[in-house]
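Text of the file model-v9.csv, holding CSV, C-alpha atoms and all ligand atoms:
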```
chain,number,residue,atom,x,y,z
A,258,MET,CA,-20.1,3.9,16.3
A,259,GLN,CA,-17.3,5.8,14.5
A,260,ASN,CA,-17.6,7.2,11.0
A,261,ASN,CA,-14.6,6.6,8.8
A,262,LEU,CA,-13.6,8.1,5.5
A,263,ILE,CA,-11.2,6.1,3.4
A,264,THR,CA,-9.7,7.8,0.4
A,265,GLY,CA,-8.5,5.2,-2.1
A,266,GLY,CA,-10.8,2.7,-0.4
A,267,ALA,CA,-11.5,0.8,-3.6
A,268,GLY,CA,-7.8,0.0,-3.8
A,269,PHE,CA,-6.2,-3.2,-2.5
A,270,ILE,CA,-5.1,-2.0,0.9
A,271,GLY,CA,-8.0,0.5,1.3
A,272,SER,CA,-10.7,-2.2,0.6
A,273,HIS,CA,-9.2,-4.4,3.3
A,274,LEU,CA,-9.2,-1.5,5.7
A,275,ALA,CA,-12.8,-0.9,4.9
A,276,GLU,CA,-13.6,-4.5,5.6
A,277,TYR,CA,-11.7,-4.5,8.8
A,278,LEU,CA,-13.4,-1.4,10.2
A,279,LEU,CA,-16.9,-2.8,9.2
A,280,GLU,CA,-16.0,-5.9,11.2
A,281,GLN,CA,-15.2,-3.7,14.1
A,282,GLY,CA,-18.8,-2.4,14.0
A,283,GLN,CA,-17.9,1.0,12.4
A,284,ARG,CA,-19.3,3.0,9.5
A,285,VAL,CA,-17.2,3.5,6.4
A,286,VAL,CA,-17.4,5.8,3.4
A,287,VAL,CA,-15.0,5.2,0.6
A,288,VAL,CA,-14.0,7.8,-1.9
A,289,ASP,CA,-12.1,6.6,-4.9
A,290,ASP,CA,-11.6,7.8,-8.5
A,291,LEU,CA,-11.3,4.1,-9.7
A,292,SER,CA,-8.1,4.9,-11.5
A,293,THR,CA,-6.2,2.0,-10.1
A,294,GLY,CA,-8.9,0.9,-7.6
A,295,SER,CA,-11.8,-1.2,-8.7
A,296,LEU,CA,-15.4,-1.7,-7.8
A,297,ASP,CA,-14.6,-5.4,-7.7
A,298,ASN,CA,-12.6,-4.9,-4.5
A,299,ILE,CA,-15.6,-3.5,-2.6
A,300,LYS,CA,-18.5,-5.3,-4.3
A,301,HIS,CA,-18.9,-7.6,-1.2
A,302,LEU,CA,-19.3,-4.5,1.0
A,303,ARG,CA,-21.7,-2.5,-1.0
A,304,SER,CA,-24.9,-4.0,0.3
A,305,ARG,CA,-23.9,-3.2,3.9
A,306,ARG,CA,-25.9,-0.4,5.5
A,307,GLU,CA,-22.8,0.9,7.3
A,308,PHE,CA,-20.9,1.2,4.0
A,309,GLY,CA,-21.0,4.0,1.4
A,310,PHE,CA,-19.1,4.6,-1.8
A,311,VAL,CA,-18.5,7.9,-3.7
A,312,GLN,CA,-16.7,8.0,-7.0
A,313,GLY,CA,-14.5,11.0,-7.0
A,314,THR,CA,-11.0,12.4,-6.7
A,315,VAL,CA,-9.2,13.8,-3.7
A,316,LEU,CA,-8.1,16.7,-5.9
A,317,ASN,CA,-11.7,17.9,-5.7
A,318,ARG,CA,-11.7,20.0,-2.5
A,319,THR,CA,-15.4,20.6,-2.4
A,320,LEU,CA,-16.0,16.9,-2.4
A,321,VAL,CA,-13.3,16.2,0.2
A,322,ASP,CA,-14.7,19.0,2.4
A,323,SER,CA,-18.3,17.7,2.3
A,324,LEU,CA,-17.2,14.1,3.1
A,325,THR,CA,-14.8,15.2,5.9
A,326,ALA,CA,-17.5,17.3,7.5
A,327,ASN,CA,-19.4,14.1,8.3
A,328,THR,CA,-16.7,11.9,9.5
A,329,ASP,CA,-14.8,11.2,12.7
A,330,ARG,CA,-11.5,10.3,11.0
A,331,VAL,CA,-9.9,10.0,7.6
A,332,PHE,CA,-7.6,7.4,6.2
A,333,HIS,CA,-5.8,8.9,3.2
A,334,LEU,CA,-4.8,6.0,1.0
A,335,ALA,CA,-5.6,7.5,-2.4
A,336,ALA,CA,-2.4,7.8,-4.4
A,337,ALA,CA,-1.0,7.2,-7.8
A,338,VAL,CA,1.0,3.9,-7.3
A,339,GLY,CA,2.6,1.1,-9.2
A,340,VAL,CA,6.0,1.0,-10.9
A,341,ASP,CA,4.5,1.2,-14.4
A,342,LEU,CA,2.5,4.3,-13.8
A,343,ILE,CA,5.4,6.0,-12.0
A,344,VAL,CA,7.7,5.5,-14.9
A,345,LYS,CA,5.2,6.2,-17.6
A,346,ASN,CA,3.3,9.1,-16.1
A,347,PRO,CA,5.4,10.8,-13.4
A,348,ALA,CA,3.4,14.1,-13.8
A,349,ARG,CA,0.2,12.4,-12.7
A,350,VAL,CA,1.9,10.7,-9.8
A,351,ILE,CA,3.4,13.9,-8.5
A,352,GLU,CA,0.2,15.9,-8.9
A,353,THR,CA,-2.1,13.3,-7.4
A,354,ASN,CA,0.2,12.5,-4.5
A,355,ILE,CA,1.2,16.0,-3.4
A,356,LEU,CA,-2.0,18.0,-4.3
A,357,GLY,CA,-4.3,15.3,-3.1
A,358,THR,CA,-2.6,15.0,0.3
A,359,GLU,CA,-2.4,18.7,0.7
A,360,THR,CA,-6.1,18.9,0.1
A,361,VAL,CA,-6.9,16.2,2.6
A,362,LEU,CA,-4.7,17.7,5.2
A,363,ALA,CA,-6.0,21.2,4.8
A,364,VAL,CA,-9.6,20.0,5.1
A,365,CYS,CA,-8.8,17.7,8.1
A,366,ALA,CA,-7.1,20.6,9.8
A,367,GLU,CA,-10.2,22.7,9.3
A,368,TYR,CA,-12.5,20.1,11.0
A,369,LYS,CA,-9.8,18.9,13.4
A,370,VAL,CA,-10.4,15.4,12.2
A,371,PRO,CA,-7.6,12.8,12.9
A,372,VAL,CA,-6.0,11.6,9.7
A,373,PHE,CA,-3.8,8.7,8.7
A,374,ILE,CA,-1.5,9.4,5.8
A,375,ALA,CA,-0.3,6.4,3.8
A,376,SER,CA,3.4,6.5,2.8
A,377,THR,CA,5.8,3.9,1.5
A,378,SER,CA,9.1,2.2,2.1
A,379,GLU,CA,10.0,3.8,-1.2
A,380,VAL,CA,11.0,6.9,0.7
A,381,TYR,CA,14.1,5.1,2.0
A,382,GLY,CA,15.2,4.9,-1.7
A,383,LYS,CA,18.4,3.0,-2.2
A,384,SER,CA,19.7,3.3,1.3
A,385,GLU,CA,21.7,0.2,2.1
A,386,LYS,CA,21.5,0.6,5.9
A,387,MET,CA,19.3,-2.4,6.8
A,388,PRO,CA,16.8,-2.7,8.4
A,389,PHE,CA,15.3,0.7,7.6
A,390,ARG,CA,14.4,2.8,10.7
A,391,GLU,CA,12.0,5.7,10.6
A,392,ASP,CA,14.7,8.3,11.4
A,393,ASP,CA,17.3,7.0,8.9
A,394,ASP,CA,18.5,9.3,6.1
A,395,ILE,CA,16.7,8.8,2.8
A,396,VAL,CA,18.8,8.2,-0.3
A,397,LEU,CA,17.1,9.0,-3.6
A,398,GLY,CA,18.5,9.0,-7.1
A,399,PRO,CA,18.6,12.0,-9.5
A,400,THR,CA,15.5,13.8,-10.8
A,401,SER,CA,16.3,12.7,-14.3
A,402,LYS,CA,15.1,9.2,-13.3
A,403,SER,CA,11.4,9.3,-13.0
A,404,ARG,CA,11.3,6.3,-10.6
A,405,TRP,CA,12.3,8.6,-7.8
A,406,SER,CA,9.4,11.0,-8.3
A,407,TYR,CA,7.2,8.6,-6.4
A,408,ALA,CA,9.5,8.5,-3.3
A,409,CYS,CA,9.9,12.2,-3.4
A,410,SER,CA,6.2,12.9,-3.7
A,411,LYS,CA,5.5,10.6,-0.7
A,412,ALA,CA,8.3,12.3,1.3
A,413,ILE,CA,6.7,15.6,0.6
A,414,ASP,CA,3.4,14.1,1.9
A,415,GLU,CA,5.1,13.1,5.1
A,416,PHE,CA,6.7,16.6,5.5
A,417,LEU,CA,3.2,18.1,5.0
A,418,ALA,CA,1.6,15.8,7.5
A,419,LEU,CA,4.2,16.5,10.1
A,420,ALA,CA,4.1,20.2,9.4
A,421,TYR,CA,0.3,20.3,9.8
A,422,HIS,CA,0.6,18.5,13.1
A,423,GLU,CA,3.3,20.8,14.3
A,424,SER,CA,1.9,24.1,13.2
A,425,ARG,CA,-1.9,23.5,13.2
A,426,GLY,CA,-2.2,20.8,15.9
A,427,LEU,CA,-3.7,18.4,13.3
A,428,PRO,CA,-3.9,14.8,14.7
A,429,ALA,CA,-2.0,13.2,11.9
A,430,VAL,CA,-0.1,10.0,11.8
A,431,VAL,CA,2.0,8.6,8.9
A,432,GLY,CA,2.5,4.9,8.1
A,433,ARG,CA,5.2,3.7,5.7
A,434,PHE,CA,3.9,0.6,4.0
A,435,PHE,CA,6.5,-2.0,3.0
A,436,ASN,CA,5.7,-4.7,0.5
A,437,THR,CA,2.1,-5.7,1.2
A,438,ALA,CA,0.3,-8.7,-0.3
A,439,GLY,CA,-2.9,-10.6,0.0
A,440,PRO,CA,-6.2,-11.4,-1.6
A,441,ARG,CA,-7.5,-9.1,-4.4
A,442,GLN,CA,-4.1,-7.6,-5.1
A,443,THR,CA,-3.6,-7.4,-8.8
A,444,GLY,CA,-0.3,-8.0,-10.7
A,445,GLN,CA,-1.4,-5.4,-13.2
A,446,TYR,CA,0.7,-2.6,-11.7
A,447,GLY,CA,3.8,-4.6,-11.2
A,448,MET,CA,3.2,-6.2,-7.8
A,449,VAL,CA,5.3,-9.3,-7.7
A,450,VAL,CA,3.3,-11.8,-5.6
A,451,PRO,CA,0.1,-11.8,-7.6
A,452,ARG,CA,2.1,-11.6,-10.8
A,453,PHE,CA,4.1,-14.8,-10.0
A,454,VAL,CA,0.9,-16.5,-8.8
A,455,GLY,CA,-1.0,-15.5,-11.9
A,456,GLN,CA,1.8,-16.7,-14.2
A,457,ALA,CA,2.2,-20.0,-12.3
A,458,LEU,CA,-1.5,-20.8,-12.4
A,459,ALA,CA,-1.7,-19.9,-16.2
A,460,GLY,CA,1.3,-22.1,-16.9
A,461,GLU,CA,3.2,-19.1,-18.2
A,462,PRO,CA,6.9,-18.4,-17.5
A,463,ILE,CA,7.4,-16.9,-14.0
A,464,THR,CA,9.4,-13.7,-14.8
A,465,VAL,CA,12.1,-13.0,-12.2
A,466,TYR,CA,13.6,-9.6,-12.9
A,467,GLY,CA,17.4,-9.1,-12.8
A,468,SER,CA,19.5,-11.7,-10.9
A,469,GLY,CA,16.5,-12.5,-8.6
A,470,GLU,CA,18.8,-12.1,-5.6
A,471,GLN,CA,17.0,-8.9,-4.6
A,472,THR,CA,15.0,-9.4,-1.4
A,473,ARG,CA,11.7,-8.1,0.0
A,474,CYS,CA,9.6,-8.7,3.1
A,475,PHE,CA,6.0,-9.3,2.3
A,476,CYS,CA,3.4,-8.5,5.0
A,477,HIS,CA,-0.2,-9.8,4.9
A,478,VAL,CA,-2.6,-7.0,4.2
A,479,ARG,CA,-4.7,-8.0,7.2
A,480,ASP,CA,-1.8,-7.4,9.5
A,481,VAL,CA,-1.2,-4.0,8.0
A,482,VAL,CA,-4.8,-2.7,8.1
A,483,SER,CA,-5.3,-3.6,11.8
A,484,ALA,CA,-2.1,-1.6,12.6
A,485,VAL,CA,-3.4,1.3,10.6
A,486,ALA,CA,-6.7,1.3,12.5
A,487,LYS,CA,-4.9,1.2,15.8
A,488,LEU,CA,-2.5,4.0,15.0
A,489,ILE,CA,-5.3,6.5,14.3
A,490,GLU,CA,-6.8,5.7,17.7
A,491,THR,CA,-3.4,6.3,19.5
A,492,PRO,CA,-2.9,10.0,20.3
A,493,ALA,CA,0.7,9.4,21.2
A,494,ALA,CA,1.3,8.4,17.6
A,495,TYR,CA,0.2,11.7,16.2
A,496,GLY,CA,3.0,13.7,14.6
A,497,GLN,CA,5.0,10.4,14.1
A,498,VAL,CA,6.0,8.1,11.2
A,499,PHE,CA,5.8,4.3,11.5
A,500,ASN,CA,7.1,1.5,9.4
A,501,LEU,CA,4.5,-1.2,8.7
A,502,GLY,CA,5.8,-4.4,7.2
A,503,SER,CA,7.1,-7.9,7.8
A,504,ARG,CA,10.5,-9.0,8.9
A,505,GLU,CA,10.5,-12.2,6.9
A,506,SER,CA,12.9,-11.6,4.0
A,507,VAL,CA,12.8,-13.6,0.8
A,508,SER,CA,14.7,-13.3,-2.5
A,509,MET,CA,12.7,-13.2,-5.8
A,510,ASN,CA,14.4,-16.4,-6.9
A,511,GLU,CA,13.1,-18.1,-3.8
A,512,LEU,CA,9.7,-16.5,-4.0
A,513,ALA,CA,9.4,-17.8,-7.6
A,514,ALA,CA,10.4,-21.3,-6.5
A,515,ARG,CA,7.9,-21.3,-3.6
A,516,VAL,CA,5.0,-20.0,-5.8
A,517,LYS,CA,5.8,-22.7,-8.4
A,518,ALA,CA,5.9,-25.5,-5.8
A,519,ARG,CA,2.7,-24.4,-4.0
A,520,THR,CA,0.7,-24.1,-7.2
A,521,GLU,CA,2.2,-27.4,-8.5
A,522,SER,CA,2.8,-25.4,-11.7
A,523,SER,CA,4.8,-26.6,-14.7
A,524,SER,CA,5.8,-23.0,-15.5
A,525,LYS,CA,9.4,-22.3,-16.2
A,526,ILE,CA,11.2,-19.7,-14.0
A,527,THR,CA,12.9,-17.3,-16.4
A,528,HIS,CA,15.1,-14.3,-15.7
A,529,VAL,CA,14.3,-11.0,-17.5
A,530,PRO,CA,17.0,-8.3,-17.5
A,531,PHE,CA,15.8,-5.0,-15.8
A,532,GLU,CA,16.3,-3.1,-19.1
A,533,GLU,CA,13.6,-5.3,-20.7
A,534,ALA,CA,11.3,-5.4,-17.7
A,535,TYR,CA,11.2,-1.7,-17.1
A,536,VAL,CA,11.6,1.3,-19.4
A,537,SER,CA,15.2,2.6,-19.2
A,538,GLY,CA,16.2,4.6,-16.2
A,539,PHE,CA,14.5,2.3,-13.7
A,540,GLU,CA,16.6,1.3,-10.8
A,541,ASP,CA,15.5,-1.7,-8.7
A,542,ILE,CA,16.1,-1.7,-5.0
A,543,VAL,CA,18.4,-4.5,-3.8
A,544,ALA,CA,16.9,-5.1,-0.4
A,545,ARG,CA,14.2,-3.7,1.7
A,546,GLU,CA,13.5,-4.7,5.3
A,547,PRO,CA,11.7,-2.7,8.0
A,548,ASP,CA,12.7,-2.1,11.6
A,549,ILE,CA,9.2,-2.3,13.3
A,550,THR,CA,10.2,-1.6,16.8
A,551,LYS,CA,8.4,1.7,16.8
A,552,ALA,CA,5.0,0.4,15.7
A,553,ARG,CA,5.5,-2.6,18.0
A,554,GLN,CA,5.9,-0.2,20.9
A,555,ALA,CA,3.0,2.1,19.9
A,556,VAL,CA,0.3,-0.4,18.9
A,557,ASP,CA,1.7,-3.9,19.6
A,558,PHE,CA,2.3,-4.3,15.9
A,559,GLU,CA,3.4,-7.9,15.2
A,560,PRO,CA,2.7,-9.4,11.7
A,561,ARG,CA,0.9,-12.7,12.4
A,562,HIS,CA,0.8,-14.2,8.9
A,563,THR,CA,3.8,-16.0,7.4
A,564,LEU,CA,4.8,-15.8,3.7
A,565,ASP,CA,3.4,-19.2,3.2
A,566,GLU,CA,0.0,-18.1,4.6
A,567,ILE,CA,0.2,-15.1,2.3
A,568,LEU,CA,0.8,-17.3,-0.7
A,569,THR,CA,-2.1,-19.6,0.2
A,570,ASP,CA,-4.4,-16.6,0.4
A,571,VAL,CA,-3.2,-15.1,-2.9
A,572,ILE,CA,-3.3,-18.4,-4.7
A,573,ALA,CA,-6.9,-18.9,-3.6
A,574,SER,CA,-7.8,-15.4,-4.6
A,575,VAL,CA,-6.2,-15.5,-8.1
A,576,ARG,CA,-7.9,-18.9,-8.6
A,577,SER,CA,-11.3,-17.6,-7.7
A,578,ARG,CA,-10.8,-14.5,-9.9
A,579,THR,CA,-9.9,-16.5,-12.9
A,580,SER,CA,-12.8,-18.9,-12.5
A,581,GLN,CA,-15.2,-15.9,-12.5
A,582,PRO,CA,-14.2,-14.0,-15.6
A,583,ASP,CA,-17.3,-11.7,-15.5
A,584,ASN,CA,-16.3,-10.3,-12.1
A,585,ALA,CA,-14.7,-7.3,-13.7
A,586,THR,CA,-18.0,-5.9,-14.9
A,587,LEU,CA,-19.6,-5.8,-11.5
B,601,LIG,N1,9.7,-8.4,-9.8
B,601,LIG,C1,10.0,-9.6,-10.5
B,601,LIG,N2,9.2,-10.0,-11.5
B,601,LIG,C2,8.0,-9.4,-11.7
B,601,LIG,C3,7.6,-8.2,-11.0
B,601,LIG,C4,8.5,-7.8,-10.1
B,601,LIG,O1,11.1,-10.2,-10.3
B,601,LIG,O2,7.2,-9.9,-12.6
B,601,LIG,C5,10.6,-7.9,-8.8
B,601,LIG,C6,10.9,-6.4,-8.8
B,601,LIG,O3,12.0,-6.2,-9.7
B,601,LIG,C7,11.3,-6.2,-7.4
B,601,LIG,C8,10.5,-7.2,-6.6
B,601,LIG,O4,10.0,-8.1,-7.5
B,601,LIG,O5,12.7,-6.5,-7.2
B,601,LIG,C9,9.3,-6.5,-5.9
B,601,LIG,O6,8.5,-5.8,-6.9
B,601,LIG,P1,7.2,-5.0,-6.6
B,601,LIG,O7,6.9,-4.2,-7.8
B,601,LIG,O8,6.2,-6.0,-6.1
B,601,LIG,O9,7.5,-4.1,-5.4
B,601,LIG,P2,8.7,-3.1,-5.1
B,601,LIG,O10,9.6,-3.0,-6.3
B,601,LIG,O11,8.0,-1.8,-4.9
B,601,LIG,O12,9.4,-3.6,-3.9
```
How would this structure read if it were set down as structure tokens?
Amino acid sequence: MQNNLITGGAGFIGSHLAEYLLEQGQRVVVVDDLSTGSLDNIKHLRSRREFGFVQGTVLNRTLVDSLTANTDRVFHLAAAVGVDLIVKNPARVIETNILGTETVLAVCAEYKVPVFIASTSEVYGKSEKMPFREDDDIVLGPTSKSRWSYACSKAIDEFLALAYHESRGLPAVVGRFFNTAGPRQTGQYGMVVPRFVGQALAGEPITVYGSGEQTRCFCHVRDVVSAVAKLIETPAAYGQVFNLGSRESVSMNELAARVKARTESSSKITHVPFEEAYVSGFEDIVAREPDITKARQAVDFEPRHTLDEILTDVIASVRSRTSQPDNATL
């Protein structure tokens, strides 16, 4: 039985990874500072003997050290994420992402523990070469636009992970998450699928930003976490970066229409200019689509859930959340 440490394990993706590893008969310890993560995400796991939770930050090296000393591998998902936070508090984003990852990598190198580093499709920036391949150039905007600090901080995390692999022999693998969706995701930090579903179920206007012609590929979180678990078990993947996402592209106009139809909502679909939706200086990405050949070759990665299945799951999840208003206090 393997011991796993998941940083950021009370977050949306982290909690699904915890669930997946427990289903595989493994032990899981989650460390999370509950800044954007929530106890609600892991409440169904807390009674399990193979599961442990520690509240704390990855900036605390002593804590990371003591947890890593007792584990077989580390999944580093703790990060400052979400468009709102990035635009409003870039200093916190940069600090958490770079110092946190540096701490995790340094400790993992000390104990020679394999580590998965979560990165993001944001690192491709506004590149227009579609689909994005792991070795493509990255195209970021100016430092005067705080939006790019997130992409830049994650790019540094990747450089750090690859450097630790190269110079210290650390078994480290990087996954670039594209848009991921599924049960328990909250629209609170800007994520569009739960936002549209929440608006549709509440009968509120569904807010499409900009023209709505921008496209994204949404991957079911279950597909993503199984690939993450396989990557860390694949020594040939160490020292490499992998895109993890779906190839099914949809425009935000179509997504809004599909959410409205599937929820049988009477909500209006409205268009909100970007200047109103985000604080000034935010640049939206026109299209984002991964080339997943590399992950397919390394770990047989093939997203199994369609967008319709994702919507079914998210709708059920948002419905159950709104019918149990006291969940947040658990
Ligand atoms: N979006 C939208 N309405 C919302 C929230 C987001 O139209 O209420 C758009 C957003 O501008 C972007 C897309 O949905 O074009 C995906 O946004 P999200 O924040 O989920 O992910 P990311 O921008 O990181 O791809």
Checklist entry - Would you name the residues within 8 Å of ligand LIG 601 (chain B), counting all atoms listed in the file, and put them as a ChimeraX atom specification? => result /A:339-340,379,435-436,444,446-450,452-453,463-467,469,471-473,509-510,528-529,531,534,541-543,545
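What separates CA of Pro560 in chain A from CA of Ser272 in chain A is a distance of 18.8 Å.
Nearest-residue note for Gln497 in chain A: choosing from A:Cys365, A:Phe373, A:Val516, A:Glu532, the minimum distance belongs to A:Phe373, counting all atoms listed in the file.
With all atoms listed in the file as the basis for measurement, A:Ile572 is the residue among A:Val482, A:Ile572, A:Ile489, A:Val556 that approaches Pro451 in chain A most closely.
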Next on the checklist: Using all atoms listed in the file, which protein or nucleic acid residues come within 10 Å of Leu501 in chain A? Drop anything in the same chain fewer than 2 positions from it, and give the result as a count of residues only.
Outcome noted: 29
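We find CA of Val575 in chain A and CA of Arg519 in chain A to be spaced 13.2 Å apart.
A straight line drawn from CA of Met387 in chain A to CA of Ala408 in chain A is 17.8 Å long.
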Proximity of range 409-451 of chain A to range 348-356 of chain A: per-residue shortest pair, 10 Å limit, all atoms listed in the file, as CSV:
```
residue,atom,partner,partner_atom,distance
A:Cys409,CA,A:Ile351,CA,8.4
A:Ser410,CA,A:Ile351,CA,5.6
A:Lys411,CA,A:Asn354,CA,6.8
A:Ala412,CA,A:Ile355,CA,9.3
A:Ile413,CA,A:Ile355,CA,6.8
A:Asp414,CA,A:Ile355,CA,6.0
A:Glu415,CA,A:Ile355,CA,9.8
A:Leu417,CA,A:Ile355,CA,8.9
```
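With all atoms listed in the file as the atoms that count, the minimum distance from Val454 in chain A to the choices A:Gln312, A:Asn298, A:Gln281, A:Ser574 is reached by A:Ser574.
With distances taken over all atoms listed in the file, A:Thr264 is the one residue among A:Ser384, A:Glu470, A:Thr264, A:Leu342 lying closest to Leu324 in chain A.
Distance annotation: of A:Ala375, A:Ala326, A:Ala494, A:Val478, the residue with the minimal separation from Phe269 in chain A is A:Val478; atom set is only C-alpha atoms.
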Using the incomplete input, complete range 541-563 of chain A to the level of N, CA and C atoms; output as a compact mmCIF listing (two decimals), in the coordinates of the input.
```
# COMPACT_ATOMS: atom_id res chain seq x y z
N ASP A 541 16.18 -0.78 -9.67
CA ASP A 541 15.50 -1.70 -8.70
C ASP A 541 16.24 -1.52 -7.35
N ILE A 542 15.50 -1.82 -6.30
CA ILE A 542 16.10 -1.70 -5.00
C ILE A 542 16.58 -3.14 -4.59
N VAL A 543 17.80 -3.21 -4.08
CA VAL A 543 18.40 -4.50 -3.80
C VAL A 543 17.78 -5.23 -2.65
N ALA A 544 17.52 -4.51 -1.59
CA ALA A 544 16.90 -5.10 -0.40
C ALA A 544 16.06 -4.12 0.32
N ARG A 545 15.07 -4.64 1.03
CA ARG A 545 14.20 -3.70 1.70
C ARG A 545 13.57 -4.47 2.91
N GLU A 546 13.91 -3.95 4.07
CA GLU A 546 13.50 -4.70 5.30
C GLU A 546 13.21 -3.62 6.38
N PRO A 547 12.04 -3.69 7.02
CA PRO A 547 11.70 -2.70 8.00
C PRO A 547 12.19 -3.01 9.43
N ASP A 548 12.56 -1.98 10.16
CA ASP A 548 12.70 -2.10 11.60
C ASP A 548 11.28 -1.73 12.14
N ILE A 549 10.61 -2.62 12.85
CA ILE A 549 9.20 -2.30 13.30
C ILE A 549 9.10 -2.09 14.76
N THR A 550 10.24 -1.80 15.39
CA THR A 550 10.20 -1.60 16.80
C THR A 550 9.24 -0.48 17.23
N LYS A 551 9.22 0.58 16.43
CA LYS A 551 8.40 1.70 16.80
C LYS A 551 6.91 1.39 16.80
N ALA A 552 6.45 0.72 15.74
CA ALA A 552 5.00 0.40 15.70
C ALA A 552 4.70 -0.71 16.72
N ARG A 553 5.68 -1.56 17.00
CA ARG A 553 5.50 -2.60 18.00
C ARG A 553 5.21 -1.90 19.37
N GLN A 554 6.04 -0.89 19.65
CA GLN A 554 5.90 -0.20 20.90
C GLN A 554 4.60 0.62 21.00
N ALA A 555 4.22 1.22 19.89
CA ALA A 555 3.00 2.10 19.90
C ALA A 555 1.73 1.35 19.91
N VAL A 556 1.63 0.32 19.07
CA VAL A 556 0.30 -0.40 18.90
C VAL A 556 0.44 -1.88 18.93
N ASP A 557 1.55 -2.40 19.52
CA ASP A 557 1.70 -3.90 19.60
C ASP A 557 1.76 -4.51 18.22
N PHE A 558 2.28 -3.80 17.24
CA PHE A 558 2.30 -4.30 15.90
C PHE A 558 3.17 -5.57 15.78
N GLU A 559 2.61 -6.67 15.36
CA GLU A 559 3.40 -7.90 15.20
C GLU A 559 2.71 -8.68 14.03
N PRO A 560 3.33 -8.69 12.85
CA PRO A 560 2.70 -9.40 11.70
C PRO A 560 2.47 -10.89 12.14
N ARG A 561 1.25 -11.36 11.93
CA ARG A 561 0.90 -12.70 12.40
C ARG A 561 0.94 -13.74 11.26
N HIS A 562 0.86 -13.25 10.01
CA HIS A 562 0.80 -14.20 8.90
C HIS A 562 2.24 -14.41 8.32
N THR A 563 2.56 -15.66 8.04
CA THR A 563 3.80 -16.00 7.40
C THR A 563 3.72 -15.79 5.89
```
